[in-house]
Structure formats: C-alpha cells, structure tokens
file start-v1.pdb (PDB, C-alpha atoms, pLDDT in the B column)
ATOM      1  CA  MET A   1      -8.621   3.281  16.572  1.00 81.00           C
ATOM      2  CA  GLY A   2      -5.310   2.720  14.835  1.00 90.00           C
ATOM      3  CA  SER A   3      -3.673   4.916  12.217  1.00 94.00           C
ATOM      4  CA  THR A   4      -4.445   5.070   8.516  1.00 96.00           C
ATOM      5  CA  VAL A   5      -1.108   4.261   6.873  1.00 96.00           C
ATOM      6  CA  LEU A   6      -0.193   4.722   3.224  1.00 96.00           C
ATOM      7  CA  TYR A   7       2.132   1.747   2.714  1.00 95.00           C
ATOM      8  CA  VAL A   8       3.890   1.873  -0.651  1.00 94.00           C
ATOM      9  CA  THR A   9       7.114   1.038  -2.468  1.00 93.00           C
ATOM     10  CA  VAL A  10       8.674   3.778  -4.592  1.00 96.00           C
ATOM     11  CA  SER A  11      11.824   4.333  -6.648  1.00 96.00           C
ATOM     12  CA  VAL A  12      14.196   7.157  -5.749  1.00 97.00           C
ATOM     13  CA  ASP A  13      12.745   9.179  -8.637  1.00 96.00           C
ATOM     14  CA  GLY A  14       9.208   8.760  -7.300  1.00 95.00           C
ATOM     15  CA  PHE A  15       7.695   5.981  -9.405  1.00 94.00           C
ATOM     16  CA  ALA A  16       5.355   3.433  -7.779  1.00 92.00           C
ATOM     17  CA  THR A  17       5.363   1.276 -10.916  1.00 89.00           C
ATOM     18  CA  GLY A  18       7.900   0.841 -13.634  1.00 88.00           C
ATOM     19  CA  PRO A  19       7.253   1.089 -17.378  1.00 88.00           C
ATOM     20  CA  GLY A  20       4.314  -1.086 -18.437  1.00 85.00           C
ATOM     21  CA  ASP A  21       3.172  -1.409 -14.786  1.00 81.00           C
ATOM     22  CA  ASP A  22       6.223  -3.586 -14.078  1.00 84.00           C
ATOM     23  CA  LEU A  23       6.747  -4.078 -10.326  1.00 85.00           C
ATOM     24  CA  SER A  24       9.547  -6.652 -10.457  1.00 86.00           C
ATOM     25  CA  ARG A  25      12.413  -4.298  -9.570  1.00 91.00           C
ATOM     26  CA  LEU A  26      10.420  -2.318  -7.026  1.00 90.00           C
ATOM     27  CA  HIS A  27       9.230  -5.428  -5.185  1.00 88.00           C
ATOM     28  CA  ARG A  28      12.495  -7.380  -5.270  1.00 87.00           C
ATOM     29  CA  TRP A  29      13.205  -6.250  -1.679  1.00 88.00           C
ATOM     30  CA  LEU A  30      10.320  -8.455  -0.507  1.00 85.00           C
ATOM     31  CA  ASP A  31      12.504 -11.500  -1.216  1.00 82.00           C
ATOM     32  CA  ASP A  32      14.968 -10.181   1.401  1.00 75.00           C
ATOM     33  CA  ALA A  33      12.491 -10.999   4.183  1.00 74.00           C
ATOM     34  CA  ASP A  34      12.730 -14.763   3.645  1.00 76.00           C
ATOM     35  CA  GLY A  35      15.490 -17.288   3.339  1.00 72.00           C
ATOM     36  CA  ALA A  36      18.632 -18.077   5.287  1.00 76.00           C
ATOM     37  CA  ASP A  37      19.780 -14.448   5.685  1.00 82.00           C
ATOM     38  CA  PRO A  38      16.662 -12.264   6.080  1.00 86.00           C
ATOM     39  CA  ASP A  39      17.138  -8.499   6.021  1.00 87.00           C
ATOM     40  CA  PRO A  40      15.852  -7.136   9.374  1.00 88.00           C
ATOM     41  CA  ALA A  41      14.583  -3.935   7.711  1.00 87.00           C
ATOM     42  CA  ALA A  42      12.567  -5.880   5.138  1.00 87.00           C
ATOM     43  CA  VAL A  43      11.186  -8.166   7.858  1.00 88.00           C
ATOM     44  CA  GLU A  44      10.154  -5.116   9.922  1.00 89.00           C
ATOM     45  CA  LEU A  45       8.386  -3.471   6.970  1.00 88.00           C
ATOM     46  CA  ILE A  46       6.480  -6.631   6.093  1.00 87.00           C
ATOM     47  CA  ASP A  47       5.582  -7.209   9.749  1.00 89.00           C
ATOM     48  CA  ARG A  48       3.934  -3.767   9.902  1.00 89.00           C
ATOM     49  CA  PHE A  49       1.782  -4.779   6.939  1.00 88.00           C
ATOM     50  CA  ARG A  50       0.856  -8.142   8.497  1.00 89.00           C
ATOM     51  CA  ARG A  51      -0.196  -6.485  11.778  1.00 92.00           C
ATOM     52  CA  ALA A  52      -2.744  -4.265  10.025  1.00 94.00           C
ATOM     53  CA  GLY A  53      -6.366  -4.776  10.978  1.00 96.00           C
ATOM     54  CA  ALA A  54      -7.619  -4.043   7.453  1.00 96.00           C
ATOM     55  CA  ILE A  55      -6.209  -3.248   4.015  1.00 94.00           C
ATOM     56  CA  ILE A  56      -7.496  -0.976   1.267  1.00 96.00           C
ATOM     57  CA  PHE A  57      -6.425  -0.963  -2.347  1.00 90.00           C
ATOM     58  CA  GLY A  58      -7.936  -0.210  -5.732  1.00 87.00           C
ATOM     59  CA  ARG A  59      -9.405  -2.299  -8.486  1.00 82.00           C
ATOM     60  CA  ARG A  60      -6.195  -2.000 -10.527  1.00 79.00           C
ATOM     61  CA  THR A  61      -4.221  -3.671  -7.714  1.00 77.00           C
ATOM     62  CA  TRP A  62      -6.940  -6.314  -7.365  1.00 70.00           C
ATOM     63  CA  ASN A  63      -6.755  -7.109 -11.083  1.00 69.00           C
ATOM     64  CA  ALA A  64      -2.944  -7.072 -11.204  1.00 69.00           C
ATOM     65  CA  GLY A  65      -2.649  -9.334  -8.158  1.00 65.00           C
ATOM     66  CA  GLN A  66      -4.804 -12.220  -9.308  1.00 59.00           C
ATOM     67  CA  GLU A  67      -2.054 -14.094 -11.142  1.00 60.00           C
ATOM     68  CA  PRO A  68       0.929 -13.468  -8.825  1.00 60.00           C
ATOM     69  CA  TRP A  69      -1.086 -14.079  -5.645  1.00 61.00           C
ATOM     70  CA  GLY A  70      -2.577 -17.281  -7.055  1.00 60.00           C
ATOM     71  CA  ASP A  71      -3.624 -19.591  -4.252  1.00 63.00           C
ATOM     72  CA  ASP A  72      -1.305 -17.999  -1.682  1.00 63.00           C
ATOM     73  CA  ASP A  73      -2.731 -16.620   1.535  1.00 61.00           C
ATOM     74  CA  VAL A  74      -1.239 -13.144   0.978  1.00 71.00           C
ATOM     75  CA  PHE A  75      -3.450 -11.086   3.289  1.00 79.00           C
ATOM     76  CA  SER A  76      -3.945 -11.689   6.993  1.00 82.00           C
ATOM     77  CA  SER A  77      -6.687  -9.052   7.311  1.00 91.00           C
ATOM     78  CA  PRO A  78      -9.911  -8.190   5.483  1.00 94.00           C
ATOM     79  CA  VAL A  79      -9.369  -6.239   2.271  1.00 91.00           C
ATOM     80  CA  PHE A  80     -11.529  -3.411   0.937  1.00 95.00           C
ATOM     81  CA  VAL A  81     -11.217  -2.851  -2.820  1.00 92.00           C
ATOM     82  CA  LEU A  82     -12.041   0.685  -3.977  1.00 93.00           C
ATOM     83  CA  THR A  83     -13.808   0.420  -7.338  1.00 91.00           C
ATOM     84  CA  HIS A  84     -16.469   2.091  -9.488  1.00 90.00           C
ATOM     85  CA  GLU A  85     -18.238  -1.235  -9.997  1.00 88.00           C
ATOM     86  CA  ARG A  86     -20.732  -2.641  -7.494  1.00 90.00           C
ATOM     87  CA  ARG A  87     -20.119  -6.321  -6.850  1.00 90.00           C
ATOM     88  CA  PRO A  88     -20.537  -8.770  -3.989  1.00 92.00           C
ATOM     89  CA  ALA A  89     -17.743  -9.597  -1.569  1.00 90.00           C
ATOM     90  CA  GLU A  90     -15.455 -12.508  -2.441  1.00 85.00           C
ATOM     91  CA  THR A  91     -13.565 -14.878  -0.189  1.00 83.00           C
ATOM     92  CA  LYS A  92     -10.241 -16.100  -1.582  1.00 80.00           C
ATOM     93  CA  ASN A  93      -7.519 -17.957   0.258  1.00 77.00           C
ATOM     94  CA  GLY A  94      -9.109 -17.215   3.625  1.00 79.00           C
ATOM     95  CA  THR A  95      -9.446 -13.453   3.034  1.00 85.00           C
ATOM     96  CA  VAL A  96     -12.693 -11.547   2.538  1.00 87.00           C
ATOM     97  CA  PHE A  97     -12.464  -8.932  -0.233  1.00 87.00           C
ATOM     98  CA  THR A  98     -15.214  -6.302   0.033  1.00 94.00           C
ATOM     99  CA  PHE A  99     -15.729  -4.101  -3.024  1.00 95.00           C
ATOM    100  CA  VAL A 100     -16.558  -0.481  -2.167  1.00 95.00           C
ATOM    101  CA  SER A 101     -17.952   1.857  -4.833  1.00 93.00           C
ATOM    102  CA  GLU A 102     -18.923   4.772  -2.567  1.00 93.00           C
ATOM    103  CA  GLY A 103     -15.510   6.465  -2.430  1.00 92.00           C
ATOM    104  CA  PRO A 104     -12.456   6.612  -0.161  1.00 95.00           C
ATOM    105  CA  ALA A 105     -14.198   7.887   2.991  1.00 96.00           C
ATOM    106  CA  ASN A 106     -16.712   5.040   2.877  1.00 95.00           C
ATOM    107  CA  ALA A 107     -13.991   2.453   2.234  1.00 95.00           C
ATOM    108  CA  LEU A 108     -12.012   3.842   5.179  1.00 97.00           C
ATOM    109  CA  ALA A 109     -15.029   3.795   7.512  1.00 96.00           C
ATOM    110  CA  GLN A 110     -15.679   0.134   6.681  1.00 96.00           C
ATOM    111  CA  ALA A 111     -12.000  -0.742   7.074  1.00 97.00           C
ATOM    112  CA  GLN A 112     -11.754   1.056  10.425  1.00 97.00           C
ATOM    113  CA  ARG A 113     -14.747  -0.883  11.762  1.00 96.00           C
ATOM    114  CA  ALA A 114     -13.094  -4.129  10.673  1.00 96.00           C
ATOM    115  CA  ALA A 115      -9.657  -3.122  12.035  1.00 96.00           C
ATOM    116  CA  GLY A 116     -10.813  -2.075  15.496  1.00 95.00           C
ATOM    117  CA  GLU A 117      -7.756  -0.756  17.363  1.00 96.00           C
ATOM    118  CA  ARG A 118      -5.281  -1.851  14.670  1.00 96.00           C
ATOM    119  CA  ASP A 119      -4.009   0.154  11.693  1.00 96.00           C
ATOM    120  CA  VAL A 120      -5.674   0.398   8.302  1.00 97.00           C
ATOM    121  CA  VAL A 121      -3.130   0.075   5.494  1.00 96.00           C
ATOM    122  CA  ILE A 122      -3.687   1.765   2.134  1.00 96.00           C
ATOM    123  CA  MET A 123      -1.557   0.008  -0.488  1.00 90.00           C
ATOM    124  CA  GLY A 124      -1.250  -0.314  -4.204  1.00 75.00           C
ATOM    125  CA  SER A 125      -1.935   2.211  -6.883  1.00 82.00           C
ATOM    126  CA  PRO A 126      -0.844   5.843  -6.921  1.00 89.00           C
ATOM    127  CA  ASP A 127      -4.401   6.808  -7.923  1.00 89.00           C
ATOM    128  CA  VAL A 128      -5.832   5.385  -4.677  1.00 91.00           C
ATOM    129  CA  ALA A 129      -3.017   6.969  -2.635  1.00 92.00           C
ATOM    130  CA  GLN A 130      -3.718  10.371  -4.204  1.00 91.00           C
ATOM    131  CA  GLN A 131      -7.467  10.088  -3.565  1.00 91.00           C
ATOM    132  CA  PHE A 132      -6.890   9.376   0.131  1.00 93.00           C
ATOM    133  CA  LEU A 133      -4.318  12.172   0.440  1.00 91.00           C
ATOM    134  CA  ARG A 134      -6.550  14.695  -1.373  1.00 89.00           C
ATOM    135  CA  ASP A 135      -9.387  13.860   1.020  1.00 91.00           C
ATOM    136  CA  GLY A 136      -7.126  14.213   4.098  1.00 91.00           C
ATOM    137  CA  LEU A 137      -7.623  10.569   5.134  1.00 94.00           C
ATOM    138  CA  ILE A 138      -3.972   9.546   5.684  1.00 95.00           C
ATOM    139  CA  ASP A 139      -2.323   9.771   9.132  1.00 95.00           C
ATOM    140  CA  GLU A 140       1.019   8.289   8.197  1.00 96.00           C
ATOM    141  CA  ILE A 141       3.049   7.508   5.075  1.00 96.00           C
ATOM    142  CA  LEU A 142       5.406   4.535   5.145  1.00 96.00           C
ATOM    143  CA  LEU A 143       7.549   4.615   2.009  1.00 96.00           C
ATOM    144  CA  HIS A 144       9.730   1.698   0.996  1.00 94.00           C
ATOM    145  CA  VAL A 145      12.375   3.500  -1.056  1.00 97.00           C
ATOM    146  CA  VAL A 146      14.220   1.239  -3.476  1.00 96.00           C
ATOM    147  CA  PRO A 147      17.645   2.374  -4.713  1.00 96.00           C
ATOM    148  CA  VAL A 148      16.823   2.597  -8.407  1.00 96.00           C
ATOM    149  CA  LEU A 149      16.009   5.371 -10.889  1.00 96.00           C
ATOM    150  CA  LEU A 150      13.256   4.001 -13.140  1.00 95.00           C
ATOM    151  CA  GLY A 151      12.853   7.081 -15.327  1.00 95.00           C
ATOM    152  CA  ARG A 152       9.343   6.054 -16.390  1.00 94.00           C
ATOM    153  CA  GLY A 153       6.217   4.509 -14.949  1.00 92.00           C
ATOM    154  CA  ILE A 154       3.490   5.928 -12.732  1.00 90.00           C
ATOM    155  CA  ARG A 155       4.511   8.583 -10.224  1.00 92.00           C
ATOM    156  CA  LEU A 156       3.247   8.126  -6.686  1.00 92.00           C
ATOM    157  CA  PHE A 157       2.567  11.792  -5.890  1.00 90.00           C
ATOM    158  CA  ALA A 158       1.880  13.260  -9.341  1.00 84.00           C
ATOM    159  CA  GLU A 159      -1.557  14.798  -8.789  1.00 76.00           C
ATOM    160  CA  LEU A 160      -1.640  16.422  -5.352  1.00 78.00           C
ATOM    161  CA  PRO A 161      -3.502  19.747  -5.335  1.00 74.00           C
ATOM    162  CA  ALA A 162      -1.707  21.344  -2.377  1.00 78.00           C
ATOM    163  CA  PRO A 163       1.463  21.005  -0.311  1.00 81.00           C
ATOM    164  CA  ARG A 164       1.464  18.524   2.560  1.00 83.00           C
ATOM    165  CA  GLU A 165       3.602  19.020   5.641  1.00 90.00           C
ATOM    166  CA  LEU A 166       5.180  15.809   6.909  1.00 94.00           C
ATOM    167  CA  GLU A 167       7.307  14.889   9.901  1.00 96.00           C
ATOM    168  CA  LEU A 168       9.898  12.128   9.621  1.00 97.00           C
ATOM    169  CA  ARG A 169       9.139   9.607  12.379  1.00 96.00           C
ATOM    170  CA  SER A 170      11.257   6.621  11.391  1.00 95.00           C
ATOM    171  CA  CYS A 171      13.966   5.564   8.999  1.00 95.00           C
ATOM    172  CA  ARG A 172      15.275   2.018   8.613  1.00 94.00           C
ATOM    173  CA  ARG A 173      17.905   1.122   6.023  1.00 94.00           C
ATOM    174  CA  GLY A 174      18.022  -2.378   4.596  1.00 91.00           C
ATOM    175  CA  ARG A 175      20.028  -4.124   1.901  1.00 90.00           C
ATOM    176  CA  ASP A 176      17.682  -3.251  -0.964  1.00 92.00           C
ATOM    177  CA  VAL A 177      15.116  -0.946   0.664  1.00 94.00           C
ATOM    178  CA  THR A 178      14.934   1.963   3.073  1.00 95.00           C
ATOM    179  CA  GLY A 179      11.759   2.372   5.099  1.00 95.00           C
ATOM    180  CA  ALA A 180      10.878   5.999   5.784  1.00 96.00           C
ATOM    181  CA  GLY A 181       7.879   6.746   7.985  1.00 96.00           C
ATOM    182  CA  PHE A 182       6.240  10.177   8.005  1.00 97.00           C
ATOM    183  CA  ALA A 183       3.357  11.622  10.012  1.00 96.00           C
ATOM    184  CA  VAL A 184       1.023  13.737   7.874  1.00 94.00           C
ATOM    185  CA  LEU A 185       0.778  17.077   9.698  1.00 91.00           C
ATOM    186  CA  SER A 186      -1.319  19.266   7.397  1.00 71.00           C
ATOM    187  CA  GLY A 187      -3.058  19.531   4.088  1.00 54.00           C
TER     188      GLY A 187
END

call {"tool": "encode", "arguments": {"input": "start-v1.pdb", "output": "structure tokens"}}
result
Amino acid sequence: MGSTVLYVTVSVDGFATGPGDDLSRLHRWLDDADGADPDPAAVELIDRFRRAGAIIFGRRTWNAGQEPWGDDDVFSSPVFVLTHERRPAETKNGTVFTFVSEGPANALAQAQRAAGERDVVIMGSPDVAQQFLRDGLIDEILLHVVPVLLGRGIRLFAELPAPRELELRSCRRGRDVTGAGFAVLSG
C-alpha cells in the first residue's frame, strides 16, 4: 500500500484559500508547469499528484471545482468525495467520483482499495485536511508554499487539537512555489 499524502497549496502565513475562497493567487504556480519554459519544481509537484492511485477531497472542493474544471480531464485516478449527503457515484470526463458519507476512515479505506500500491492524495479544503489529521490518517504532508502573505482566508491548520511531530523529507524550490514534504511522526 502506498502513503496517504496531504497535498495542499498554502500561503506563507498559512492560508489555504484567500478572502472569499479565492484560489487564483495560490494556484498561479500551476501555470508554471506548462508552456515553453516549465518550472521543474512545479512539474515535479504536479507529477506526484498525477501518479496517485486515488484522490480524496470534500464536498466544498467538489462544488468549487465544477466551473473551473468544466469538461477537462483533471483527474487521472478515481476520486472519493467526503460529504454528509448520500448520493450515487458520478462519472465525469473519464473519472469516477464516489461520494462517501461515512467519514474519513471509510473514505480512506475505499481509496486505498482503489489505489492498490500507489499513494492516496488528500487535497482541497482545510476542513478535510484537519479531519484526516485529527484521526491520525495522514502519513505525509506535501505543502506547496506560495510566496505571498494573504492576511485573510481559511487557515490550513487552524483546528488541530494536539501537536504533531513532523520530519522534513524533501524541499524543492521553484519560481513561484516551494514544495516541502514532511513525514508525520506522531499525534
């Protein structure tokens, strides 16, 4: 079985969204992976996401992504959407989206079965990240730190009940993002 990786973009002051849920500044680094002069760090971070065997995010990310994702084939792996609402799976743009209302551990178990030996990536909202961290379900945190102070928005790690010991495993600086990978040691 692969690792369970929290994969998230954050500002230097710890916000995973800007004011009004704006992601435009935080996600601008994604444009550095394409074009005539791709940033190797951005390409490496996106490649880690594309190699995942399954992806988990919350209903808020699902709702927010409908317009920007449009008809694009954004996900190369099955996606499990953590939600309070029971609803049937949907297939969009070649990806199966399974809605899971039985909590993080159940979503992770389903994602791990789908992923096999590959990683499961947890992405999206701070609320989902905090649920998985509180329940001790994260093996690794891969932060994409963007060089901006947003001052407002939603903090990534605002509601953790106890300290978590981490070990820095990787650091890769790019033009508009620094990838920092941490193993979760305790908590």

call {"tool": "atom_distance", "arguments": {"input": "start-v1.pdb", "atom1": "atom CA of A:Ala158", "atom2": "atom CA of A:Pro126"}}
result
8.3 Å

call {"tool": "resolve_selection", "arguments": {"input": "start-v1.pdb", "expression": "the PyMOL selection byres ((chain A and resi 19-26) around 8)", "output": "ChimeraX atom specification"}}
result
/A:9-11,16-18,27-29,146,150,152-154

call {"tool": "residues_around", "arguments": {"input": "start-v1.pdb", "residues": "A:Pro147", "least_positions_apart": "5", "cutoff": "7 Å", "atoms": "all atoms listed in the file", "output": "PDB file with C-alpha atoms, keeping the file's coordinate frame"}}
result
ATOM      1  CA  SER A  11      11.824   4.333  -6.648  1.00 96.00           C
ATOM      2  CA  VAL A  12      14.196   7.157  -5.749  1.00 97.00           C
ATOM      3  CA  ASP A 176      17.682  -3.251  -0.964  1.00 92.00           C
ATOM      4  CA  VAL A 177      15.116  -0.946   0.664  1.00 94.00           C
TER       5      VAL A 177
END

call {"tool": "resolve_selection", "arguments": {"input": "start-v1.pdb", "expression": "the PyMOL selection byres ((chain A and resi 97-108) around 7)", "output": "PyMOL selection string"}}
result
chain A and resi 78-91+95-96+109-112+131-132

call {"tool": "write_last_selection", "arguments": {"input": "start-v1.pdb", "atoms": "C-alpha atoms", "output": "PDB file, in the frame of the given file"}}
result
ATOM      1  CA  PRO A  78      -9.911  -8.190   5.483  1.00 94.00           C
ATOM      2  CA  VAL A  79      -9.369  -6.239   2.271  1.00 91.00           C
ATOM      3  CA  PHE A  80     -11.529  -3.411   0.937  1.00 95.00           C
ATOM      4  CA  VAL A  81     -11.217  -2.851  -2.820  1.00 92.00           C
ATOM      5  CA  LEU A  82     -12.041   0.685  -3.977  1.00 93.00           C
ATOM      6  CA  THR A  83     -13.808   0.420  -7.338  1.00 91.00           C
ATOM      7  CA  HIS A  84     -16.469   2.091  -9.488  1.00 90.00           C
ATOM      8  CA  GLU A  85     -18.238  -1.235  -9.997  1.00 88.00           C
ATOM      9  CA  ARG A  86     -20.732  -2.641  -7.494  1.00 90.00           C
ATOM     10  CA  ARG A  87     -20.119  -6.321  -6.850  1.00 90.00           C
ATOM     11  CA  PRO A  88     -20.537  -8.770  -3.989  1.00 92.00           C
ATOM     12  CA  ALA A  89     -17.743  -9.597  -1.569  1.00 90.00           C
ATOM     13  CA  GLU A  90     -15.455 -12.508  -2.441  1.00 85.00           C
ATOM     14  CA  THR A  91     -13.565 -14.878  -0.189  1.00 83.00           C
ATOM     15  CA  THR A  95      -9.446 -13.453   3.034  1.00 85.00           C
ATOM     16  CA  VAL A  96     -12.693 -11.547   2.538  1.00 87.00           C
ATOM     17  CA  ALA A 109     -15.029   3.795   7.512  1.00 96.00           C
ATOM     18  CA  GLN A 110     -15.679   0.134   6.681  1.00 96.00           C
ATOM     19  CA  ALA A 111     -12.000  -0.742   7.074  1.00 97.00           C
ATOM     20  CA  GLN A 112     -11.754   1.056  10.425  1.00 97.00           C
ATOM     21  CA  GLN A 131      -7.467  10.088  -3.565  1.00 91.00           C
ATOM     22  CA  PHE A 132      -6.890   9.376   0.131  1.00 93.00           C
TER      23      PHE A 132
END

call {"tool": "closest_residue", "arguments": {"input": "start-v1.pdb", "among": "A:Arg113, A:Leu137, A:Phe15, A:Leu45", "to": "A:Cys171", "atoms": "only C-alpha atoms"}}
result
A:Leu45

call {"tool": "atom_distance", "arguments": {"input": "start-v1.pdb", "atom1": "atom CA of A:Glu159", "atom2": "atom CA of A:Gln130"}}
result
6.7 Å

call {"tool": "closest_residue", "arguments": {"input": "start-v1.pdb", "among": "A:Gly174, A:Gly151, A:Gly116, A:Gly181", "to": "A:Val43", "atoms": "all atoms listed in the file"}}
result
A:Gly174

call {"tool": "closest_residue", "arguments": {"input": "start-v1.pdb", "among": "A:Asp34, A:Thr4, A:Glu140, A:Arg134", "to": "A:Ala180", "atoms": "only C-alpha atoms"}}
result
A:Glu140

call {"tool": "resolve_selection", "arguments": {"input": "start-v1.pdb", "expression": "the PyMOL selection byres ((chain A and resi 121) around 9)", "output": "short mmCIF file (atom, residue, chain, number, x, y, z; two decimals) with C-alpha atoms, keeping the file's coordinate frame"}}
result
data_model
loop_
_atom_site.label_atom_id
_atom_site.label_comp_id
_atom_site.auth_asym_id
_atom_site.auth_seq_id
_atom_site.Cartn_x
_atom_site.Cartn_y
_atom_site.Cartn_z
CA SER A 3 -3.67 4.92 12.22
CA THR A 4 -4.44 5.07 8.52
CA VAL A 5 -1.11 4.26 6.87
CA LEU A 6 -0.19 4.72 3.22
CA TYR A 7 2.13 1.75 2.71
CA PHE A 49 1.78 -4.78 6.94
CA ALA A 52 -2.74 -4.26 10.02
CA GLY A 53 -6.37 -4.78 10.98
CA ALA A 54 -7.62 -4.04 7.45
CA ILE A 55 -6.21 -3.25 4.01
CA ILE A 56 -7.50 -0.98 1.27
CA PHE A 57 -6.42 -0.96 -2.35
CA ASP A 119 -4.01 0.15 11.69
CA VAL A 120 -5.67 0.40 8.30
CA ILE A 122 -3.69 1.76 2.13
CA MET A 123 -1.56 0.01 -0.49
#

call {"tool": "axis_aligned_box", "arguments": {"input": "start-v1.pdb", "around": "stretch 106-121 of chain A", "padding_each_side": "5 Å", "output": "lines of an AutoDock Vina configuration file"}}
result
center_x = -9.9
center_y = 0.5
center_z = 9.8
size_x = 23.6
size_y = 19.2
size_z = 25.1

call {"tool": "residues_around", "arguments": {"input": "start-v1.pdb", "residues": "A:Phe182", "least_positions_apart": "3", "cutoff": "6 Å", "atoms": "only C-alpha atoms", "output": "VMD selection string"}}
result
chain A and resid 140 to 141 166 to 169

call {"tool": "write_last_selection", "arguments": {"input": "start-v1.pdb", "atoms": "C-alpha atoms", "output": "PDB file, in the frame of the given file"}}
result
ATOM      1  CA  GLU A 140       1.019   8.289   8.197  1.00 96.00           C
ATOM      2  CA  ILE A 141       3.049   7.508   5.075  1.00 96.00           C
ATOM      3  CA  LEU A 166       5.180  15.809   6.909  1.00 94.00           C
ATOM      4  CA  GLU A 167       7.307  14.889   9.901  1.00 96.00           C
ATOM      5  CA  LEU A 168       9.898  12.128   9.621  1.00 97.00           C
ATOM      6  CA  ARG A 169       9.139   9.607  12.379  1.00 96.00           C
TER       7      ARG A 169
END

call {"tool": "closest_residue", "arguments": {"input": "start-v1.pdb", "among": "A:Val184, A:Ala162, A:Ala114, A:Ala36", "to": "A:Asp139", "atoms": "only C-alpha atoms"}}
result
A:Val184

call {"tool": "atom_distance", "arguments": {"input": "start-v1.pdb", "atom1": "atom CA of A:Gly179", "atom2": "atom CA of A:Arg59"}}
result
25.6 Å
